[in-house]
Amino acid sequence: MRLFANGKRVTQPSYGAGTIVSTDERYTVIEFDDHGRRTFVTSMVSLEPTSTPAPERAGSSGRRRASAKSAAAKKSAS
């Protein structure tokens with residue numbers, strides 16, 4: 001059983017390249033480039049290190065919520 005550090009790039013035969021999100025002696029969670037987030041039993045998953053860079057992720061295009069502090073300031077200004 002081999003544990004990879006969080007943030008390391010790996011490849012898995014079925015899903016391809018991905019980034020380790022979290023790992024411990026029971027489970028390994030990987031965010032795959034083309035298949036999203038998957039959870040594996042650490043002792044059973046087959047992983048190899050890869051030098052393939054992570055793709056650029058599109059940022060959130062939605063509006064951000066105002067913090068409670070700025071919302072209160074707007075309310076008192078009215």
# chains A, B, ... in the order shown; residues from 1 in each chain; ligands from 1
call {"tool": "residues_around", "arguments": {"residues": "region 9-18 of chain A", "least_positions_apart": "2", "cutoff": "6 Å", "atoms": "only C-alpha atoms", "output": "list in words"}}
result
Glu31, Phe32, Asp33, Leu47, Glu48, Pro49 and Thr50 of chain A
call {"tool": "atom_distance", "arguments": {"atom1": "CA of Arg26 (chain A)", "atom2": "CA of Pro53 (chain A)"}}
result
26.6 Å
call {"tool": "atom_distance", "arguments": {"atom1": "CA of Arg2 (chain A)", "atom2": "CA of Ala54 (chain A)"}}
result
21.3 Å
call {"tool": "atom_distance", "arguments": {"atom1": "CA of Arg57 (chain A)", "atom2": "CA of Phe4 (chain A)"}}
result
22.1 Å
